[in-house]
>>> print(open('upload_32.csv').read())   # CSV, C-alpha atoms and all ligand atoms
chain,number,residue,atom,x,y,z
A,1,MET,CA,-41.5,24.6,-47.7
A,2,ILE,CA,-38.9,27.3,-47.1
A,3,ILE,CA,-39.1,29.1,-43.8
A,4,ILE,CA,-38.0,32.7,-44.2
A,5,ASN,CA,-37.2,34.5,-41.0
A,6,THR,CA,-37.1,38.2,-41.7
A,7,SER,CA,-35.9,39.5,-38.3
A,8,PRO,CA,-32.5,41.1,-37.8
A,9,ARG,CA,-32.7,40.2,-34.1
A,10,LYS,CA,-31.1,37.0,-32.8
A,11,GLY,CA,-33.1,35.3,-30.1
A,12,GLY,CA,-36.1,37.6,-30.6
A,13,ASN,CA,-39.8,36.8,-31.1
A,14,SER,CA,-39.4,35.7,-34.7
A,15,ASP,CA,-36.7,33.2,-33.7
A,16,LEU,CA,-39.1,31.8,-31.0
A,17,ILE,CA,-41.8,31.4,-33.6
A,18,GLU,CA,-39.3,29.8,-36.0
A,19,LYS,CA,-38.1,27.4,-33.4
A,20,TYR,CA,-41.7,26.3,-32.6
A,21,VAL,CA,-42.4,25.8,-36.4
A,22,VAL,CA,-39.2,23.9,-37.0
A,23,ASP,CA,-39.8,21.6,-34.0
A,24,TYR,CA,-43.3,20.9,-35.2
A,25,LEU,CA,-42.2,20.2,-38.8
A,26,LYS,CA,-39.4,17.9,-37.6
A,27,GLU,CA,-41.7,16.0,-35.2
A,28,ASN,CA,-44.1,15.4,-38.1
A,29,GLN,CA,-41.3,14.5,-40.5
A,30,LEU,CA,-42.3,17.3,-42.9
A,31,ASN,CA,-39.7,18.7,-45.4
A,32,PHE,CA,-38.5,22.2,-45.0
A,33,GLU,CA,-35.5,24.4,-45.4
A,34,PRO,CA,-34.8,27.4,-43.1
A,35,LEU,CA,-33.6,30.7,-44.5
A,36,LYS,CA,-32.6,33.4,-42.0
A,37,LEU,CA,-32.2,36.6,-43.9
A,38,ARG,CA,-29.8,38.1,-41.4
A,39,GLU,CA,-27.4,35.2,-42.1
A,40,ILE,CA,-27.1,35.5,-45.9
A,41,ASN,CA,-24.8,37.8,-47.7
A,42,ILE,CA,-27.3,40.3,-49.2
A,43,SER,CA,-26.4,43.7,-50.6
A,44,LEU,CA,-28.6,46.7,-51.1
A,45,PRO,CA,-30.2,46.8,-54.6
A,46,ASP,CA,-28.4,49.2,-56.9
A,47,HIS,CA,-31.4,50.0,-59.2
A,48,CYS,CA,-29.3,49.5,-62.3
A,49,PHE,CA,-31.0,49.1,-65.6
A,50,ASP,CA,-30.6,45.3,-65.5
A,51,CYS,CA,-32.3,45.0,-62.1
A,52,ALA,CA,-35.1,47.3,-63.2
A,53,VAL,CA,-35.9,45.0,-66.2
A,54,GLY,CA,-35.3,41.7,-64.4
A,55,ASN,CA,-32.0,40.8,-66.0
A,56,TYR,CA,-29.2,39.4,-63.9
A,57,CYS,CA,-27.4,42.2,-62.1
A,58,GLN,CA,-23.8,42.7,-63.4
A,59,ASN,CA,-22.7,44.8,-60.4
A,60,ILE,CA,-23.8,43.2,-57.2
A,61,LYS,CA,-21.8,40.1,-56.1
A,62,ASP,CA,-23.8,39.0,-53.0
A,63,ASP,CA,-25.3,35.5,-52.5
A,64,MET,CA,-28.7,36.2,-53.9
A,65,GLU,CA,-28.4,35.2,-57.5
A,66,SER,CA,-25.7,32.6,-57.0
A,67,LYS,CA,-27.0,30.7,-54.0
A,68,VAL,CA,-30.2,32.0,-52.4
A,69,ILE,CA,-32.5,32.3,-55.5
A,70,PRO,CA,-31.5,28.8,-56.7
A,71,GLN,CA,-32.4,27.5,-53.2
A,72,ILE,CA,-35.7,29.4,-53.1
A,73,VAL,CA,-36.9,28.2,-56.5
A,74,LYS,CA,-36.8,24.6,-55.4
A,75,HIS,CA,-39.8,25.4,-53.1
A,76,ASP,CA,-43.4,26.2,-54.0
A,77,GLU,CA,-44.3,27.3,-50.5
A,78,TRP,CA,-42.8,30.1,-48.4
A,79,LEU,CA,-43.6,30.5,-44.7
A,80,ILE,CA,-42.5,34.0,-43.9
A,81,ILE,CA,-42.1,35.0,-40.2
A,82,MET,CA,-42.6,38.8,-40.1
A,83,PRO,CA,-42.3,41.3,-37.3
A,84,THR,CA,-44.2,44.5,-38.0
A,85,ILE,CA,-41.8,47.4,-38.1
A,86,CYS,CA,-43.2,51.0,-38.5
A,87,GLY,CA,-46.3,49.5,-40.1
A,88,TYR,CA,-44.5,47.4,-42.6
A,89,GLY,CA,-42.0,44.5,-42.7
A,90,SER,CA,-38.4,44.6,-41.6
A,91,THR,CA,-35.8,46.4,-43.7
A,92,LEU,CA,-34.2,43.0,-44.4
A,93,PHE,CA,-37.5,41.8,-45.8
A,94,LYS,CA,-37.7,44.7,-48.2
A,95,ILE,CA,-34.1,44.3,-49.4
A,96,PHE,CA,-34.8,40.6,-49.9
A,97,ILE,CA,-37.9,41.3,-52.0
A,98,ASP,CA,-36.1,43.9,-54.1
A,99,ARG,CA,-33.1,41.6,-54.7
A,100,LEU,CA,-35.4,38.9,-56.2
A,101,SER,CA,-35.6,41.2,-59.2
A,102,SER,CA,-34.2,38.6,-61.7
A,103,LEU,CA,-37.2,36.4,-60.8
A,104,TYR,CA,-39.5,39.2,-61.9
A,105,HIS,CA,-38.2,38.9,-65.5
A,106,LYS,CA,-41.0,37.8,-67.9
A,107,ASP,CA,-39.1,34.5,-68.6
A,108,ARG,CA,-38.9,33.7,-64.9
A,109,ILE,CA,-42.0,35.3,-63.3
A,110,HIS,CA,-43.8,31.9,-63.8
A,111,TYR,CA,-42.1,30.8,-60.6
A,112,PHE,CA,-44.7,32.9,-58.7
A,113,HIS,CA,-47.7,31.4,-60.5
A,114,ASN,CA,-47.1,28.2,-58.6
A,115,LEU,CA,-46.0,29.8,-55.4
A,116,LYS,CA,-48.0,29.8,-52.1
A,117,ILE,CA,-47.0,32.3,-49.5
A,118,LYS,CA,-48.0,32.1,-45.9
A,119,ALA,CA,-47.1,34.9,-43.5
A,120,VAL,CA,-47.0,34.8,-39.7
A,121,ILE,CA,-47.2,38.5,-38.9
A,122,HIS,CA,-46.7,39.8,-35.3
A,123,GLY,CA,-46.1,43.0,-33.5
A,124,GLN,CA,-46.8,45.0,-30.4
A,125,VAL,CA,-49.6,47.1,-31.8
A,126,ASP,CA,-52.8,45.4,-33.0
A,127,ASN,CA,-53.7,46.0,-36.6
A,128,SER,CA,-50.6,48.1,-37.3
A,129,TRP,CA,-49.8,45.7,-40.3
A,130,GLN,CA,-52.6,47.0,-42.6
A,131,ILE,CA,-50.1,48.6,-45.0
A,132,LEU,CA,-48.1,45.4,-45.1
A,133,LEU,CA,-51.3,43.4,-45.9
A,134,LYS,CA,-52.1,45.8,-48.7
A,135,TRP,CA,-48.6,45.5,-50.0
A,136,PHE,CA,-49.0,41.7,-50.1
A,137,GLU,CA,-52.3,42.1,-52.0
A,138,ASP,CA,-50.5,44.2,-54.6
A,139,TYR,CA,-47.5,41.8,-54.8
A,140,GLN,CA,-49.9,38.9,-55.4
A,141,SER,CA,-51.5,40.9,-58.2
A,142,TRP,CA,-48.5,41.8,-60.2
A,143,THR,CA,-46.5,38.6,-59.7
A,144,GLY,CA,-49.5,36.4,-60.2
A,145,LEU,CA,-48.8,34.6,-57.0
A,146,LYS,CA,-50.9,31.5,-56.6
A,147,SER,CA,-52.0,32.2,-53.1
A,148,PHE,CA,-51.4,34.4,-50.1
A,149,GLU,CA,-52.6,33.6,-46.6
A,150,TYR,CA,-51.6,35.1,-43.2
A,151,ILE,CA,-52.2,35.0,-39.5
A,152,THR,CA,-51.5,37.9,-37.2
A,153,PHE,CA,-51.1,38.3,-33.5
A,154,VAL,CA,-50.2,41.0,-31.1
A,155,PHE,CA,-48.1,40.5,-28.0
A,156,SER,CA,-47.6,42.5,-24.9
A,157,PRO,CA,-44.0,43.4,-24.0
A,158,LYS,CA,-45.1,43.6,-20.4
A,159,LYS,CA,-46.7,40.2,-20.2
A,160,GLY,CA,-44.1,38.6,-22.4
A,161,PHE,CA,-44.3,36.8,-25.6
A,162,ASN,CA,-46.9,34.1,-25.2
A,163,PHE,CA,-47.7,33.3,-28.8
A,164,PRO,CA,-50.7,31.3,-29.9
A,165,LYS,CA,-49.2,27.9,-30.7
A,166,ASP,CA,-52.4,26.2,-31.8
A,167,LYS,CA,-53.2,29.0,-34.2
A,168,ILE,CA,-49.7,28.6,-35.8
A,169,LYS,CA,-50.0,24.8,-35.9
A,170,GLN,CA,-53.3,25.0,-37.7
A,171,PHE,CA,-51.9,27.5,-40.1
A,172,ILE,CA,-48.9,25.3,-41.0
A,173,GLN,CA,-51.2,22.4,-41.6
A,174,MET,CA,-53.6,24.4,-43.8
A,175,LYS,CA,-53.3,23.2,-47.4
A,176,LEU,CA,-53.4,26.1,-49.9
A,177,THR,CA,-55.0,25.6,-53.2
B,201,LIG,C1,-38.2,50.4,-35.0
B,201,LIG,C2,-39.3,49.5,-34.6
B,201,LIG,C3,-40.6,49.8,-35.1
B,201,LIG,C4,-41.7,49.0,-34.7
B,201,LIG,N1,-42.9,49.2,-35.3
B,201,LIG,C5,-43.9,48.4,-34.9
B,201,LIG,C6,-45.2,48.6,-35.5
B,201,LIG,O1,-45.4,49.4,-36.4
B,201,LIG,N2,-46.2,47.7,-35.2
B,201,LIG,C7,-46.0,46.8,-34.2
B,201,LIG,O2,-47.0,46.0,-34.0
B,201,LIG,N3,-44.8,46.6,-33.6
B,201,LIG,C8,-43.8,47.3,-34.0
B,201,LIG,N4,-42.5,47.1,-33.4
B,201,LIG,C9,-42.4,46.0,-32.4
B,201,LIG,C10,-41.8,44.8,-33.1
B,201,LIG,O3,-42.7,44.2,-34.0
B,201,LIG,C11,-41.4,43.8,-32.0
B,201,LIG,O4,-40.3,44.4,-31.3
B,201,LIG,C12,-41.0,42.5,-32.5
B,201,LIG,O5,-40.7,41.6,-31.4
B,201,LIG,C13,-39.7,42.5,-33.4
B,201,LIG,O6,-39.5,41.2,-33.9
B,201,LIG,P1,-38.3,40.3,-33.5
B,201,LIG,O7,-38.3,40.2,-32.0
B,201,LIG,O8,-38.5,39.0,-34.1
B,201,LIG,O9,-37.1,41.0,-34.0
B,201,LIG,C14,-41.5,47.9,-33.8
B,201,LIG,C15,-40.2,47.7,-33.3
B,201,LIG,C16,-39.1,48.5,-33.7
B,201,LIG,C17,-37.7,48.2,-33.1
>>> encode(input="upload_32.csv", output="C-alpha cells")
Amino acid sequence: MIIINTSPRKGGNSDLIEKYVVDYLKENQLNFEPLKLREINISLPDHCFDCAVGNYCQNIKDDMESKVIPQIVKHDEWLIIMPTICGYGSTLFKIFIDRLSSLYHKDRIHYFHNLKIKAVIHGQVDNSWQILLKWFEDYQSWTGLKSFEYITFVFSPKKGFNFPKDKIKQFIQMKLT
C-alpha cells in the first residue's frame, strides 16, 4: 500500500491521521510506503500535446516520471489522506493527478484496472466533499479503476481534532475486491 498525504500543511490534521495510520501499519507489520506530495519535486502540468495524449512529457523535468510514478506502480492499493478544500481536494492533489498523465496512455492505463483506492476525507464542514466524491466516481469510470472506497469525517476547529480512530482502523483493515 502507498499512503498518499495530499496536504501542503506540515503538522496539520492530515499529518495526524497519517501518523496514526503509519503507527498502526508498523505495529501490525504491514507493508507500506509513505508519499507526502509536499515533499516531492512536482511541477505544474504544461498541457503540451504529449501530456494530453499520455506520452512522456519532453518539457517537464520534475520527479514524477523519473521517480514517483515508478514508485507508485509497485503498489496496487493507494490510501489517500485528503483534506477538503473549497469543496474539492487540495491543489497538490490535483497537480499530482494531472501529472500522472503518462499513466493514462492506452498502453499503461491497465495499471488502474488492478488498482484499489481508499480515501480518508476530512474537513470542517459536513458533506462539503460531494463534488470530490463525484469526481472520484468519474475518475473510476474513465480509468477503469478496480475499486474506490472512502470514509469521511468532520471535525470542529473549536473542539480540536479528535478523529475517529476505530473507523480509520476498520477502514485500513477492509479488504477490497
Ligand atoms: C482555503 C481553504 C478551504 C477550505 N475549504 C473547506 C471545505 O470546502 N470543506 C471543509 O470541510 N473544510 C474546508 N477547509 C478546512 C480544511 O479541510 C481543514 O483546515 C483541514 O484541516 C486542512 O487539512 P490539513 O490540516 O491536513 O492541511 C478549508 C481550508 C482552507 C485553508
>>> closest_atom_pairs(input="upload_32.csv", of="chain A", to="ligand LIG 201 (chain B)", cutoff="7 Å", atoms="only C-alpha atoms and all ligand atoms", output="Markdown table")
| residue | atom | partner | partner_atom | distance |
| --- | --- | --- | --- | --- |
| A:Ser7 | CA | B:LIG201 | O9 | 4.7 |
| A:Pro8 | CA | B:LIG201 | O9 | 6.0 |
| A:Arg9 | CA | B:LIG201 | O9 | 4.5 |
| A:Gly12 | CA | B:LIG201 | O7 | 3.7 |
| A:Asn13 | CA | B:LIG201 | O7 | 3.8 |
| A:Ser14 | CA | B:LIG201 | O8 | 3.5 |
| A:Asp15 | CA | B:LIG201 | O8 | 6.1 |
| A:Pro83 | CA | B:LIG201 | O6 | 4.4 |
| A:Thr84 | CA | B:LIG201 | O3 | 4.3 |
| A:Ile85 | CA | B:LIG201 | N1 | 3.5 |
| A:Cys86 | CA | B:LIG201 | O1 | 3.4 |
| A:Gly87 | CA | B:LIG201 | O1 | 3.8 |
| A:Tyr88 | CA | B:LIG201 | O1 | 6.6 |
| A:His122 | CA | B:LIG201 | O3 | 6.1 |
| A:Gly123 | CA | B:LIG201 | O2 | 3.2 |
| A:Gln124 | CA | B:LIG201 | O2 | 3.7 |
| A:Val125 | CA | B:LIG201 | O2 | 3.6 |
| A:Asp126 | CA | B:LIG201 | O2 | 5.9 |
| A:Ser128 | CA | B:LIG201 | N2 | 4.9 |
| A:Trp129 | CA | B:LIG201 | N2 | 6.6 |
| A:Val154 | CA | B:LIG201 | O2 | 6.6 |
>>> residues_near_point(input="upload_32.csv", point="(-25.8, 38.7, -43.7)", cutoff="12 Å", atoms="all atoms listed in the file", output="list in words")
Thr6, Ser7, Pro8, Arg9, Leu35, Lys36, Leu37, Arg38, Glu39, Ile40, Asn41, Ile42, Ser43, Leu44, Asp62, Asp63, Met64, Val68, Leu92, Ile95 and Phe96 of chain A
>>> atom_distance(input="upload_32.csv", atom1="atom CA of A:Ala52", atom2="atom CA of A:Lys94")
15.4 Å
>>> closest_atom_pairs(input="upload_32.csv", of="stretch 60-134 of chain A", to="stretch 16-34 of chain A", cutoff="12 Å", atoms="all atoms listed in the file", output="JSON lines")
{"residue": "A:Val68", "atom": "CA", "partner": "A:Pro34", "partner_atom": "CA", "distance": 11.3}
{"residue": "A:Gln71", "atom": "CA", "partner": "A:Glu33", "partner_atom": "CA", "distance": 8.9}
{"residue": "A:Ile72", "atom": "CA", "partner": "A:Glu33", "partner_atom": "CA", "distance": 9.2}
{"residue": "A:Val73", "atom": "CA", "partner": "A:Glu33", "partner_atom": "CA", "distance": 11.8}
{"residue": "A:Lys74", "atom": "CA", "partner": "A:Glu33", "partner_atom": "CA", "distance": 10.1}
{"residue": "A:His75", "atom": "CA", "partner": "A:Phe32", "partner_atom": "CA", "distance": 8.8}
{"residue": "A:Asp76", "atom": "CA", "partner": "A:Phe32", "partner_atom": "CA", "distance": 11.0}
{"residue": "A:Glu77", "atom": "CA", "partner": "A:Phe32", "partner_atom": "CA", "distance": 9.5}
{"residue": "A:Trp78", "atom": "CA", "partner": "A:Phe32", "partner_atom": "CA", "distance": 9.6}
{"residue": "A:Leu79", "atom": "CA", "partner": "A:Pro34", "partner_atom": "CA", "distance": 9.5}
{"residue": "A:Ile80", "atom": "CA", "partner": "A:Glu18", "partner_atom": "CA", "distance": 9.5}
{"residue": "A:Ile81", "atom": "CA", "partner": "A:Glu18", "partner_atom": "CA", "distance": 7.2}
{"residue": "A:Met82", "atom": "CA", "partner": "A:Ile17", "partner_atom": "CA", "distance": 9.9}
{"residue": "A:Pro83", "atom": "CA", "partner": "A:Ile17", "partner_atom": "CA", "distance": 10.6}
{"residue": "A:Ala119", "atom": "CA", "partner": "A:Ile17", "partner_atom": "CA", "distance": 11.8}
{"residue": "A:Val120", "atom": "CA", "partner": "A:Ile17", "partner_atom": "CA", "distance": 8.7}
{"residue": "A:Ile121", "atom": "CA", "partner": "A:Ile17", "partner_atom": "CA", "distance": 10.4}
{"residue": "A:His122", "atom": "CA", "partner": "A:Ile17", "partner_atom": "CA", "distance": 9.9}
>>> atom_distance(input="upload_32.csv", atom1="atom CA of A:Lys116", atom2="atom CA of A:Trp142")
14.5 Å
>>> atom_distance(input="upload_32.csv", atom1="atom CA of A:Ser90", atom2="atom CA of A:Tyr139")
16.3 Å
>>> closest_atom_pairs(input="upload_32.csv", of="stretch 56-153 of chain A", to="stretch 160-175 of chain A", cutoff="9 Å", atoms="all atoms listed in the file", output="tab-separated table")
residue	atom	partner	partner_atom	distance
A:Leu79	CA	A:Ile172	CA	8.3
A:Lys118	CA	A:Phe171	CA	8.4
A:Val120	CA	A:Ile168	CA	7.8
A:Glu149	CA	A:Phe171	CA	8.9
A:Tyr150	CA	A:Phe171	CA	8.2
A:Ile151	CA	A:Phe171	CA	7.5
A:Phe153	CA	A:Phe163	CA	7.7
>>> residues_around(input="upload_32.csv", residues="A:Phe49", least_positions_apart="6", cutoff="12 Å", atoms="only C-alpha atoms", output="list in words")
Asn55, Tyr56, Cys57, Gln58, Asn59, Ser101 and Ser102 of chain A
>>> write_last_selection(input="upload_32.csv", atoms="C-alpha atoms", output="mmCIF file, in the coordinates of the input")
data_model
loop_
_atom_site.group_PDB
_atom_site.id
_atom_site.type_symbol
_atom_site.label_atom_id
_atom_site.label_comp_id
_atom_site.auth_asym_id
_atom_site.auth_seq_id
_atom_site.Cartn_x
_atom_site.Cartn_y
_atom_site.Cartn_z
ATOM 1 C CA ASN A 55 -32.000 40.800 -66.000
ATOM 2 C CA TYR A 56 -29.200 39.400 -63.900
ATOM 3 C CA CYS A 57 -27.400 42.200 -62.100
ATOM 4 C CA GLN A 58 -23.800 42.700 -63.400
ATOM 5 C CA ASN A 59 -22.700 44.800 -60.400
ATOM 6 C CA SER A 101 -35.600 41.200 -59.200
ATOM 7 C CA SER A 102 -34.200 38.600 -61.700
#
